[in-house]
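Shown next: entry-v7.cif, given as mmCIF, C-alpha atoms.
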data_run
loop_
_atom_site.label_atom_id
_atom_site.label_comp_id
_atom_site.auth_asym_id
_atom_site.auth_seq_id
_atom_site.Cartn_x
_atom_site.Cartn_y
_atom_site.Cartn_z
CA MET A 10 -54.10 121.14 55.86
CA ARG A 11 -55.62 121.01 59.28
CA LEU A 12 -58.61 123.14 58.20
CA SER A 13 -59.30 120.98 55.17
CA SER A 14 -59.41 117.89 57.34
CA VAL A 15 -62.23 119.28 59.51
CA PRO A 16 -64.97 119.10 56.83
CA SER A 17 -63.87 115.58 55.93
CA VAL A 18 -64.28 114.50 59.56
CA PHE A 19 -67.80 115.94 59.61
CA ARG A 20 -68.63 114.15 56.36
CA VAL A 21 -67.48 110.81 57.74
CA GLU A 22 -69.04 111.36 61.15
CA TRP A 23 -72.46 112.61 59.97
CA PHE A 24 -74.12 109.94 62.13
CA LEU A 25 -72.73 111.62 65.24
CA ALA A 26 -75.04 114.58 64.63
CA LEU A 27 -78.04 112.27 64.22
CA SER A 28 -77.37 110.29 67.39
CA LEU A 29 -76.54 113.46 69.32
CA ALA A 30 -79.82 115.06 68.21
CA THR A 31 -81.68 111.98 69.47
CA CYS A 32 -79.99 112.25 72.87
CA VAL A 33 -80.73 116.00 73.10
CA MET A 34 -84.37 115.33 72.24
CA PHE A 35 -84.70 112.92 75.16
CA LEU A 36 -82.85 115.32 77.49
CA ILE A 37 -85.27 118.15 76.64
CA PHE A 38 -88.56 116.25 76.43
CA GLY A 39 -87.89 113.32 78.76
CA ASP A 40 -89.73 110.14 77.72
CA LYS A 41 -92.36 111.98 75.65
CA PRO A 42 -90.66 111.11 72.31
CA LEU A 43 -91.46 107.46 73.03
CA GLY A 44 -95.14 108.33 72.69
CA ARG A 45 -97.82 105.90 73.76
CA LEU A 46 -96.34 102.43 73.69
CA ASP A 47 -99.82 100.86 73.69
CA GLN A 48 -100.22 102.14 70.11
CA PRO A 49 -98.60 99.54 67.78
CA LEU A 50 -97.44 102.14 65.26
CA GLN A 51 -95.80 104.37 67.87
CA LEU A 52 -94.27 101.36 69.60
CA GLY A 53 -92.80 100.12 66.33
CA LEU A 54 -91.45 103.54 65.34
CA ALA A 55 -89.91 104.17 68.78
CA PHE A 56 -88.25 100.75 68.85
CA ALA A 57 -87.00 100.96 65.24
CA TRP A 58 -85.60 104.50 65.66
CA LEU A 59 -83.75 103.77 68.93
CA PHE A 60 -82.47 100.43 67.64
CA PHE A 61 -81.16 102.07 64.45
CA VAL A 62 -79.43 104.92 66.29
CA ILE A 63 -77.83 102.65 68.93
CA LEU A 64 -76.69 100.19 66.27
CA GLY A 65 -75.15 103.01 64.22
CA ALA A 66 -73.35 104.36 67.29
CA ALA A 67 -72.10 100.85 68.15
CA LEU A 68 -70.76 100.45 64.60
CA ALA A 69 -68.94 103.76 65.00
CA VAL A 70 -67.45 102.63 68.33
CA VAL A 71 -66.02 99.51 66.69
CA ARG A 72 -64.74 101.54 63.72
CA HIS A 73 -62.82 103.95 65.93
CA ALA A 74 -61.60 101.14 68.18
CA ASP A 75 -60.22 99.44 65.06
CA GLN A 76 -58.48 102.65 64.00
CA LEU A 77 -56.91 103.05 67.45
CA GLY A 78 -55.85 99.42 67.36
CA GLU A 79 -54.10 99.87 64.02
CA LYS A 80 -52.22 102.93 65.26
CA LEU A 81 -51.26 101.63 68.72
CA GLY A 82 -50.46 98.05 67.73
CA GLU A 83 -50.73 95.03 70.01
CA PRO A 84 -51.66 94.32 72.74
CA TYR A 85 -53.45 97.68 72.94
CA GLY A 86 -55.44 97.18 69.74
CA THR A 87 -56.96 93.94 70.97
CA LEU A 88 -57.65 95.41 74.39
CA ILE A 89 -59.39 98.52 73.02
CA LEU A 90 -61.65 96.60 70.63
CA THR A 91 -62.49 93.92 73.20
CA LEU A 92 -63.21 96.38 76.00
CA SER A 93 -65.34 98.55 73.69
CA ILE A 94 -67.57 95.65 72.63
CA THR A 95 -67.74 94.26 76.16
CA SER A 96 -68.71 97.70 77.49
CA ILE A 97 -71.58 98.00 74.99
CA GLU A 98 -72.76 94.51 75.93
CA VAL A 99 -72.64 95.09 79.69
CA ILE A 100 -74.27 98.53 79.38
CA SER A 101 -77.12 97.18 77.23
CA ILE A 102 -77.81 94.22 79.50
CA THR A 103 -77.64 96.35 82.65
CA ALA A 104 -79.98 99.00 81.22
CA ILE A 105 -82.76 96.49 80.56
CA MET A 106 -81.99 94.44 83.69
CA LEU A 107 -82.54 97.49 85.91
CA HIS A 108 -85.59 98.76 84.03
CA GLY A 109 -89.10 97.46 84.64
CA GLU A 110 -89.77 94.14 86.32
CA ASN A 111 -86.84 91.99 87.35
CA ASN A 112 -86.00 89.50 84.60
CA PRO A 113 -83.49 87.04 86.10
CA THR A 114 -82.95 85.24 82.78
CA LEU A 115 -82.16 88.35 80.71
CA ALA A 116 -78.37 88.16 81.09
CA ARG A 117 -78.38 84.44 80.31
CA ASP A 118 -80.65 84.89 77.28
CA THR A 119 -78.47 87.72 75.96
CA LEU A 120 -75.22 85.79 76.41
CA PHE A 121 -76.75 82.73 74.77
CA ALA A 122 -78.11 84.85 71.91
CA VAL A 123 -74.69 86.47 71.36
CA THR A 124 -73.09 83.03 71.30
CA MET A 125 -75.60 81.68 68.78
CA ILE A 126 -75.38 84.78 66.58
CA ILE A 127 -71.57 84.62 66.54
CA LEU A 128 -70.85 80.87 66.45
CA ASN A 129 -73.69 80.03 64.05
CA GLY A 130 -74.93 83.18 62.30
CA MET A 131 -71.62 85.02 61.93
CA VAL A 132 -69.50 81.91 61.38
CA GLY A 133 -72.04 80.44 58.95
CA LEU A 134 -72.34 83.59 56.85
CA SER A 135 -68.56 84.15 56.80
CA LEU A 136 -67.78 80.58 55.78
CA LEU A 137 -70.61 80.46 53.25
CA MET A 138 -69.78 83.74 51.49
CA GLY A 139 -66.04 83.20 51.69
CA GLY A 140 -66.31 79.64 50.42
CA TRP A 141 -68.72 80.62 47.65
CA ARG A 142 -66.26 83.21 46.39
CA HIS A 143 -62.93 81.47 47.03
CA HIS A 144 -63.95 77.77 47.18
CA GLU A 145 -61.66 76.84 50.09
CA GLN A 146 -60.09 79.19 52.64
CA HIS A 147 -57.31 78.61 55.14
CA TYR A 148 -56.55 79.80 58.66
CA ASN A 149 -54.06 79.01 61.44
CA LEU A 150 -55.31 75.84 63.13
CA GLN A 151 -53.29 76.46 66.31
CA GLY A 152 -55.00 79.83 66.80
CA ALA A 153 -58.50 78.41 66.37
CA ASN A 154 -57.70 75.58 68.79
CA ALA A 155 -56.42 78.09 71.35
CA TYR A 156 -59.69 80.01 71.13
CA LEU A 157 -61.89 76.92 71.44
CA GLY A 158 -59.70 75.52 74.22
CA VAL A 159 -60.81 78.47 76.38
CA VAL A 160 -64.32 79.11 75.01
CA ILE A 161 -65.63 75.57 75.54
CA PRO A 162 -64.73 75.10 79.24
CA LEU A 163 -65.77 78.66 80.14
CA GLY A 164 -69.05 78.29 78.25
CA VAL A 165 -69.87 75.01 79.98
CA LEU A 166 -68.88 76.33 83.43
CA ALA A 167 -71.02 79.46 83.07
CA LEU A 168 -74.07 78.29 81.10
CA VAL A 169 -74.31 74.53 81.67
CA LEU A 170 -72.86 73.78 85.11
CA PRO A 171 -75.57 75.76 87.03
CA ASN A 172 -78.11 73.11 85.95
CA PHE A 173 -76.23 70.42 87.84
CA THR A 174 -75.17 72.10 91.08
CA VAL A 175 -77.26 71.32 94.17
CA THR A 176 -76.13 74.12 96.49
CA THR A 177 -79.00 76.35 95.34
CA ALA A 178 -82.41 75.62 93.87
CA GLY A 179 -82.86 75.76 90.10
CA PRO A 180 -80.26 76.56 87.41
CA THR A 181 -78.39 79.00 89.65
CA LEU A 182 -75.07 79.20 91.47
CA SER A 183 -74.28 80.14 95.05
CA PHE A 184 -72.26 83.30 95.74
CA ALA A 185 -69.09 81.23 96.24
CA GLN A 186 -69.69 79.35 92.98
CA GLU A 187 -70.39 82.57 91.05
CA SER A 188 -67.20 84.08 92.45
CA PHE A 189 -65.25 81.00 91.40
CA VAL A 190 -66.65 81.14 87.84
CA ALA A 191 -65.93 84.88 87.61
CA ILE A 192 -62.32 84.52 88.79
CA ILE A 193 -61.67 81.56 86.48
CA SER A 194 -63.20 83.42 83.53
CA VAL A 195 -61.11 86.56 83.99
CA GLY A 196 -57.97 84.56 84.75
CA LEU A 197 -58.23 82.41 81.64
CA TYR A 198 -59.05 85.42 79.49
CA VAL A 199 -55.98 87.30 80.73
CA ALA A 200 -53.82 84.21 80.14
CA PHE A 201 -55.21 83.88 76.63
CA LEU A 202 -54.59 87.58 75.93
CA ALA A 203 -50.96 87.15 76.97
CA LEU A 204 -50.60 84.19 74.62
CA GLN A 205 -52.30 86.02 71.75
CA THR A 206 -50.41 89.30 72.00
CA ARG A 207 -46.98 88.18 73.21
CA ARG A 208 -45.84 84.58 73.46
CA HIS A 209 -47.63 83.06 70.42
CA ARG A 210 -48.68 85.98 68.24
CA ALA A 211 -47.95 83.91 65.12
CA TYR A 212 -50.92 81.62 65.95
CA PHE A 213 -53.29 84.49 65.17
CA ALA A 214 -51.47 86.12 62.23
CA GLY A 215 -52.47 85.70 58.61
CA SER A 216 -50.09 84.94 55.81
CA VAL A 217 -49.55 88.63 55.09
CA HIS A 218 -47.53 90.56 57.65
CA GLY A 219 -46.98 93.69 55.62
CA GLU A 220 -49.77 95.55 57.38
CA ASP A 221 -47.81 95.73 60.60
CA LYS A 222 -45.73 98.67 59.57
CA HIS A 223 -46.40 101.97 61.31
CA SER A 224 -45.57 105.23 59.58
CA VAL A 225 -43.84 107.74 61.79
CA ASP A 226 -45.73 110.95 61.18
CA ASP A 227 -45.66 112.30 64.73
CA HIS A 228 -47.98 115.28 64.58
CA SER A 229 -50.47 113.75 62.15
CA SER A 230 -50.48 110.44 64.03
CA SER A 231 -51.01 112.00 67.46
CA THR A 232 -53.80 114.24 66.10
CA ARG A 233 -55.61 111.28 64.57
CA LEU A 234 -55.09 109.30 67.75
CA LEU A 235 -56.76 112.04 69.78
CA THR A 236 -59.58 112.38 67.23
CA HIS A 237 -60.41 108.67 67.28
CA THR A 238 -60.24 108.57 71.09
CA VAL A 239 -62.62 111.53 71.49
CA LEU A 240 -65.08 110.16 68.93
CA LEU A 241 -65.00 106.68 70.46
CA VAL A 242 -65.86 108.13 73.90
CA ALA A 243 -68.58 110.34 72.38
CA TYR A 244 -70.30 107.44 70.61
CA MET A 245 -69.93 105.21 73.68
CA ALA A 246 -71.61 107.82 75.89
CA GLN A 247 -74.57 107.95 73.51
CA VAL A 248 -74.89 104.17 73.53
CA VAL A 249 -74.97 104.28 77.34
CA PHE A 250 -77.69 106.94 77.37
CA LEU A 251 -79.91 105.52 74.61
CA ALA A 252 -79.70 101.90 75.81
CA GLU A 253 -81.74 102.89 78.85
CA LYS A 254 -84.38 104.45 76.56
CA LEU A 255 -84.53 101.33 74.38
CA ALA A 256 -85.27 99.32 77.53
CA GLN A 257 -88.74 100.85 77.72
CA PRO A 258 -90.21 99.55 74.42
CA VAL A 259 -88.38 96.23 74.89
CA ASP A 260 -89.86 95.82 78.38
CA TYR A 261 -93.31 96.72 77.07
CA VAL A 262 -93.12 94.06 74.35
CA VAL A 263 -91.98 91.36 76.81
CA GLU A 264 -94.01 92.26 79.91
CA THR A 265 -97.23 93.70 78.47
CA MET A 266 -97.51 92.05 75.06
CA LYS A 267 -96.21 88.74 76.49
CA TRP A 268 -93.61 88.09 73.84
CA PRO A 269 -90.99 85.44 74.73
CA ALA A 270 -88.54 86.71 77.37
CA ALA A 271 -85.69 85.69 75.05
CA PHE A 272 -86.75 88.51 72.69
CA ALA A 273 -85.10 91.06 75.00
CA GLY A 274 -81.86 89.07 74.99
CA LEU A 275 -81.96 88.68 71.21
CA THR A 276 -82.44 92.45 70.76
CA MET A 277 -79.39 93.25 72.89
CA ALA A 278 -77.35 90.51 71.23
CA ILE A 279 -78.02 91.90 67.74
CA LEU A 280 -76.82 95.34 68.85
CA VAL A 281 -73.62 93.81 70.24
CA ALA A 282 -72.82 91.26 67.55
CA THR A 283 -73.76 93.09 64.33
CA PRO A 284 -70.73 95.44 64.17
CA GLU A 285 -68.27 92.57 64.47
CA ALA A 286 -70.37 90.37 62.17
CA ILE A 287 -69.97 92.92 59.38
CA GLY A 288 -66.20 92.94 59.89
CA ALA A 289 -65.98 89.14 59.92
CA VAL A 290 -68.01 88.71 56.72
CA ARG A 291 -66.03 91.43 54.92
CA ALA A 292 -62.76 89.75 55.91
CA ALA A 293 -64.00 86.36 54.67
CA ARG A 294 -65.12 87.82 51.33
CA ALA A 295 -61.70 89.43 50.94
CA ASN A 296 -60.12 85.99 51.57
CA HIS A 297 -58.68 87.05 54.95
CA MET A 298 -60.09 84.07 56.80
CA GLN A 299 -57.59 84.32 59.64
CA ARG A 300 -58.86 87.81 60.48
CA SER A 301 -62.43 86.56 60.27
CA VAL A 302 -61.65 83.67 62.66
CA ASN A 303 -59.96 86.10 65.06
CA ILE A 304 -63.04 88.33 65.02
CA PHE A 305 -65.78 85.78 65.67
CA LEU A 306 -63.92 83.45 68.04
CA GLY A 307 -62.35 86.40 69.88
CA SER A 308 -65.78 88.02 70.19
CA VAL A 309 -67.43 85.00 71.80
CA LEU A 310 -64.41 84.56 74.10
CA SER A 311 -64.68 88.13 75.39
CA THR A 312 -68.44 87.68 75.83
CA ILE A 313 -67.96 84.68 78.10
CA GLY A 314 -64.65 85.65 79.68
CA LEU A 315 -65.39 89.29 80.53
CA THR A 316 -69.15 89.94 80.28
CA ILE A 317 -70.21 87.15 82.63
CA PRO A 318 -67.96 88.27 85.54
CA LEU A 319 -69.09 91.90 85.11
CA ILE A 320 -72.78 90.96 84.98
CA LEU A 321 -72.38 88.79 88.09
CA MET A 322 -70.79 91.72 89.91
CA ILE A 323 -73.54 94.14 88.82
CA SER A 324 -76.17 91.59 89.84
CA HIS A 325 -74.87 91.55 93.42
CA LEU A 326 -74.33 95.31 93.62
CA THR A 327 -77.88 96.08 92.40
CA ARG A 328 -79.51 93.09 94.14
CA HIS A 329 -80.97 91.79 90.89
CA PRO A 330 -80.50 88.00 90.98
CA ILE A 331 -79.74 86.29 87.69
CA VAL A 332 -80.17 82.77 86.35
CA LEU A 333 -77.26 81.49 84.26
CA GLY A 334 -78.04 77.86 83.49
CA LEU A 335 -79.49 77.13 80.03
CA GLU A 336 -82.50 74.86 79.97
CA HIS A 337 -84.37 72.56 77.61
CA THR A 338 -83.93 73.44 73.91
CA ASP A 339 -81.33 76.15 74.55
CA LEU A 340 -79.07 73.76 76.44
CA LEU A 341 -79.15 71.22 73.61
CA LEU A 342 -78.52 73.87 70.93
CA PHE A 343 -75.59 75.29 72.92
CA MET A 344 -73.91 71.89 73.32
CA LEU A 345 -74.56 71.06 69.66
CA THR A 346 -72.99 74.40 68.63
CA LEU A 347 -69.82 73.75 70.65
CA ALA A 348 -69.53 70.23 69.18
CA LEU A 349 -70.03 71.58 65.64
CA CYS A 350 -67.32 74.22 66.19
CA LEU A 351 -64.89 71.47 67.18
CA VAL A 352 -65.58 69.75 63.85
CA THR A 353 -65.55 72.94 61.76
CA PHE A 354 -62.26 74.25 63.16
CA SER A 355 -60.33 70.99 63.17
CA SER A 356 -58.70 71.02 59.73
CA GLY A 357 -57.27 74.48 59.04
CA HIS A 358 -59.50 75.13 56.02
CA THR A 359 -63.17 75.94 55.44
CA ASN A 360 -65.80 75.38 52.75
CA VAL A 361 -69.38 76.25 51.81
CA LEU A 362 -70.95 73.19 53.46
CA GLN A 363 -69.62 74.10 56.89
CA GLY A 364 -71.11 77.56 56.56
CA ALA A 365 -74.49 76.16 55.51
CA VAL A 366 -74.63 73.83 58.54
CA HIS A 367 -73.84 76.67 60.97
CA LEU A 368 -76.52 78.85 59.37
CA MET A 369 -79.02 76.00 59.68
CA LEU A 370 -78.34 75.85 63.43
CA PHE A 371 -78.82 79.62 63.68
CA VAL A 372 -82.20 79.37 61.94
CA ALA A 373 -83.13 76.57 64.35
CA TYR A 374 -82.26 78.86 67.27
CA LEU A 375 -84.53 81.63 65.92
CA PHE A 376 -87.34 79.13 65.28
CA PHE A 377 -87.24 77.67 68.79
CA ILE A 378 -87.37 81.12 70.43
CA PHE A 379 -91.05 81.14 69.50
CA GLN A 380 -91.69 77.40 69.22
CA GLY A 381 -89.46 76.02 72.01
#
The structure in this file should be written as structure tokens.
Amino acid sequence: MRLSSVPSVFRVEWFLALSLATCVMFLIFGDKPLGRLDQPLQLGLAFAWLFFVILGAALAVVRHADQLGEKLGEPYGTLILTLSITSIEVISITAIMLHGENNPTLARDTLFAVTMIILNGMVGLSLLMGGWRHHEQHYNLQGANAYLGVVIPLGVLALVLPNFTVTTAGPTLSFAQESFVAIISVGLYVAFLALQTRRHRAYFAGSVHGEDKHSVDDHSSSTRLLTHTVLLVAYMAQVVFLAEKLAQPVDYVVETMKWPAAFAGLTMAILVATPEAIGAVRAARANHMQRSVNIFLGSVLSTIGLTIPLILMISHLTRHPIVLGLEHTDLLLFMLTLALCLVTFSSGHTNVLQGAVHLMLFVAYLFFIFQG
């Protein structure tokens, strides 16, 4: 039984061999596999290959985090998934932030991009595909309000408030103000986690509770638990290593080819948000809108509540100053997105039109990266 399960693991985890081979190649040959970045073809191939491998590893991290969450139950499931995604996000931002010239807006651009991808791209696609297939879908209104009740003030404090403070020049915060925002963010996130996993778990539960049963197969369960844990750590380590390599072609595109600085943030945001986006859209298509809402609103909450404090801490430790305040077009799109979310998640049910409007805002965000 145990022997027959080994080949099946290798069949499912074939991508591990591919990503591991990529890491070994860089360990043996250094940066030579990146080739000459001034050659468009080599630049494109290096970027595409690294992006594909990191994205595949990130998808595997989320898959194993989900499996651990199902087996351990709450609040551990939520913690594992959230910390896994947040780790990938912080690692990716830090890798590019510390590589090449200092880009003080990188963290802000990445956080903004993640927010726009989730609250407009992911929400729009989920609502559109779910509504197209099931006409009207329902979710727990109290849960959605709890999410937005934390996301909106934290988002404004972190990404809007720096434009209006006068302690420092520009859209930045003083050390005391950054510390205050970090403490408030972590504190509210912990309070929300307690509400979600203990006091008001029903706010975030779908209509079907049958999936909460855990089979007691001690040996098999503990073996699978160990397997998922080891594989999660293995994939995470590869993301950490390869993110630093991806920083080189991304830096070249932004610094040498003079692409918009927001391109670096968008690249990192796609790596972070895509795994959860796939899960949210699948849940919506299967008419599990409550799970879809939990995924995309929980994802943006962890991005603001955990990533921002960690990035602020890394900024001070590495002496790489960062700019948090959104400006011009980005500021308007961010405020419009928050207002639209209040309207979308105010009734307890969704439809195709709401999804189309969110997708329109996402397209506007992509357009104004190059035309803003």
Practice item. Identify, on the basis of only C-alpha atoms, every residue whose closest approach to segment 349-356 of chain A does not exceed 9 Å; exclude the query and any residue fewer than 3 positions from it along the same chain; express the result as JSON, numbers by chain. Key: {"A": [128, 129, 147, 150, 153, 154, 157, 344, 345, 346, 359, 363, 364, 366, 367]}
Practice item. Please evaluate the PyMOL selection byres ((chain A and resi 36-49) around 12) against the displayed coordinates and give the resulting residues as number ranges by chain. Key: A: 29-35, 50-59, 247, 250-251, 253-262, 265-266
Dump C-alpha atoms for the selected residues as a PDB file, in the coordinates of the input?
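Final file, again.pdb:
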ATOM      1  CA  LEU A  29     -76.540 113.460  69.320  1.00  0.00           C
ATOM      2  CA  ALA A  30     -79.820 115.060  68.210  1.00  0.00           C
ATOM      3  CA  THR A  31     -81.680 111.980  69.470  1.00  0.00           C
ATOM      4  CA  CYS A  32     -79.990 112.250  72.870  1.00  0.00           C
ATOM      5  CA  VAL A  33     -80.730 116.000  73.100  1.00  0.00           C
ATOM      6  CA  MET A  34     -84.370 115.330  72.240  1.00  0.00           C
ATOM      7  CA  PHE A  35     -84.700 112.920  75.160  1.00  0.00           C
ATOM      8  CA  LEU A  50     -97.440 102.140  65.260  1.00  0.00           C
ATOM      9  CA  GLN A  51     -95.800 104.370  67.870  1.00  0.00           C
ATOM     10  CA  LEU A  52     -94.270 101.360  69.600  1.00  0.00           C
ATOM     11  CA  GLY A  53     -92.800 100.120  66.330  1.00  0.00           C
ATOM     12  CA  LEU A  54     -91.450 103.540  65.340  1.00  0.00           C
ATOM     13  CA  ALA A  55     -89.910 104.170  68.780  1.00  0.00           C
ATOM     14  CA  PHE A  56     -88.250 100.750  68.850  1.00  0.00           C
ATOM     15  CA  ALA A  57     -87.000 100.960  65.240  1.00  0.00           C
ATOM     16  CA  TRP A  58     -85.600 104.500  65.660  1.00  0.00           C
ATOM     17  CA  LEU A  59     -83.750 103.770  68.930  1.00  0.00           C
ATOM     18  CA  GLN A 247     -74.570 107.950  73.510  1.00  0.00           C
ATOM     19  CA  PHE A 250     -77.690 106.940  77.370  1.00  0.00           C
ATOM     20  CA  LEU A 251     -79.910 105.520  74.610  1.00  0.00           C
ATOM     21  CA  GLU A 253     -81.740 102.890  78.850  1.00  0.00           C
ATOM     22  CA  LYS A 254     -84.380 104.450  76.560  1.00  0.00           C
ATOM     23  CA  LEU A 255     -84.530 101.330  74.380  1.00  0.00           C
ATOM     24  CA  ALA A 256     -85.270  99.320  77.530  1.00  0.00           C
ATOM     25  CA  GLN A 257     -88.740 100.850  77.720  1.00  0.00           C
ATOM     26  CA  PRO A 258     -90.210  99.550  74.420  1.00  0.00           C
ATOM     27  CA  VAL A 259     -88.380  96.230  74.890  1.00  0.00           C
ATOM     28  CA  ASP A 260     -89.860  95.820  78.380  1.00  0.00           C
ATOM     29  CA  TYR A 261     -93.310  96.720  77.070  1.00  0.00           C
ATOM     30  CA  VAL A 262     -93.120  94.060  74.350  1.00  0.00           C
ATOM     31  CA  THR A 265     -97.230  93.700  78.470  1.00  0.00           C
ATOM     32  CA  MET A 266     -97.510  92.050  75.060  1.00  0.00           C
TER      33      MET A 266
END
Review point. What does the PyMOL selection byres ((chain A and resi 134) around 12) select in this file, as an NGL selection string?
Key: :A and (126-133 or 135-141 or 286-294 or 301 or 305 or 360-372)
Would you output that residue set with C-alpha atoms, as a tab-separated table (two decimals), in the frame of the given file?
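Written out: part16.tsv:
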chain	number	residue	atom	x	y	z
A	126	ILE	CA	-75.38	84.78	66.58
A	127	ILE	CA	-71.57	84.62	66.54
A	128	LEU	CA	-70.85	80.87	66.45
A	129	ASN	CA	-73.69	80.03	64.05
A	130	GLY	CA	-74.93	83.18	62.30
A	131	MET	CA	-71.62	85.02	61.93
A	132	VAL	CA	-69.50	81.91	61.38
A	133	GLY	CA	-72.04	80.44	58.95
A	135	SER	CA	-68.56	84.15	56.80
A	136	LEU	CA	-67.78	80.58	55.78
A	137	LEU	CA	-70.61	80.46	53.25
A	138	MET	CA	-69.78	83.74	51.49
A	139	GLY	CA	-66.04	83.20	51.69
A	140	GLY	CA	-66.31	79.64	50.42
A	141	TRP	CA	-68.72	80.62	47.65
A	286	ALA	CA	-70.37	90.37	62.17
A	287	ILE	CA	-69.97	92.92	59.38
A	288	GLY	CA	-66.20	92.94	59.89
A	289	ALA	CA	-65.98	89.14	59.92
A	290	VAL	CA	-68.01	88.71	56.72
A	291	ARG	CA	-66.03	91.43	54.92
A	292	ALA	CA	-62.76	89.75	55.91
A	293	ALA	CA	-64.00	86.36	54.67
A	294	ARG	CA	-65.12	87.82	51.33
A	301	SER	CA	-62.43	86.56	60.27
A	305	PHE	CA	-65.78	85.78	65.67
A	360	ASN	CA	-65.80	75.38	52.75
A	361	VAL	CA	-69.38	76.25	51.81
A	362	LEU	CA	-70.95	73.19	53.46
A	363	GLN	CA	-69.62	74.10	56.89
A	364	GLY	CA	-71.11	77.56	56.56
A	365	ALA	CA	-74.49	76.16	55.51
A	366	VAL	CA	-74.63	73.83	58.54
A	367	HIS	CA	-73.84	76.67	60.97
A	368	LEU	CA	-76.52	78.85	59.37
A	369	MET	CA	-79.02	76.00	59.68
A	370	LEU	CA	-78.34	75.85	63.43
A	371	PHE	CA	-78.82	79.62	63.68
A	372	VAL	CA	-82.20	79.37	61.94
Review point. So, counting only C-alpha atoms, which residue among A:Leu27, A:Ile323, A:Leu168, A:Leu240 is closest to Ala122 of chain A?
Key: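 Going through A:Leu27, A:Ile323, A:Leu168, A:Leu240 one by one, the smallest distance to Ala122 of chain A is for A:Leu168.
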Practice item. Go through A:Tyr244, A:Phe173, A:Tyr198, A:Phe184 and flag the residue nearest Ala74 of chain A, using all atoms listed in the file for the distances. Key: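 Going through A:Tyr244, A:Phe173, A:Tyr198, A:Phe184 one by one, the smallest distance to Ala74 of chain A is for A:Tyr244.
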**Study point:** Neighbour list for Thr327 of chain A as number ranges by chain, cut-off 10 Å, only C-alpha atoms, skip fewer than 3 positions in-chain
**Key:** A: 103, 106-107, 322-324, 330
Exercise for review: Quick one: everything within 9 Å of segment 89-100 of chain A, counting only C-alpha atoms, minus sequence neighbours fewer than 6 positions away in the same chain. Send it as a ChimeraX atom specification.
Suggested key: /A:67,70-71,73-75,77-78,119,241,245,248-249,252-253,277-278,280-282,285,307-308,311-312,315-317,319-320
Just need the box for segment 47-63 of chain A, edges along x, y and z, holding every atom the file lists for it with 4 Å tacked onto each side, so centre and edge lengths in Å to one decimal, as lines of an AutoDock Vina configuration file.
center_x = -89.0
center_y = 102.2
center_z = 69.1
size_x = 30.4
size_y = 13.4
size_z = 17.2
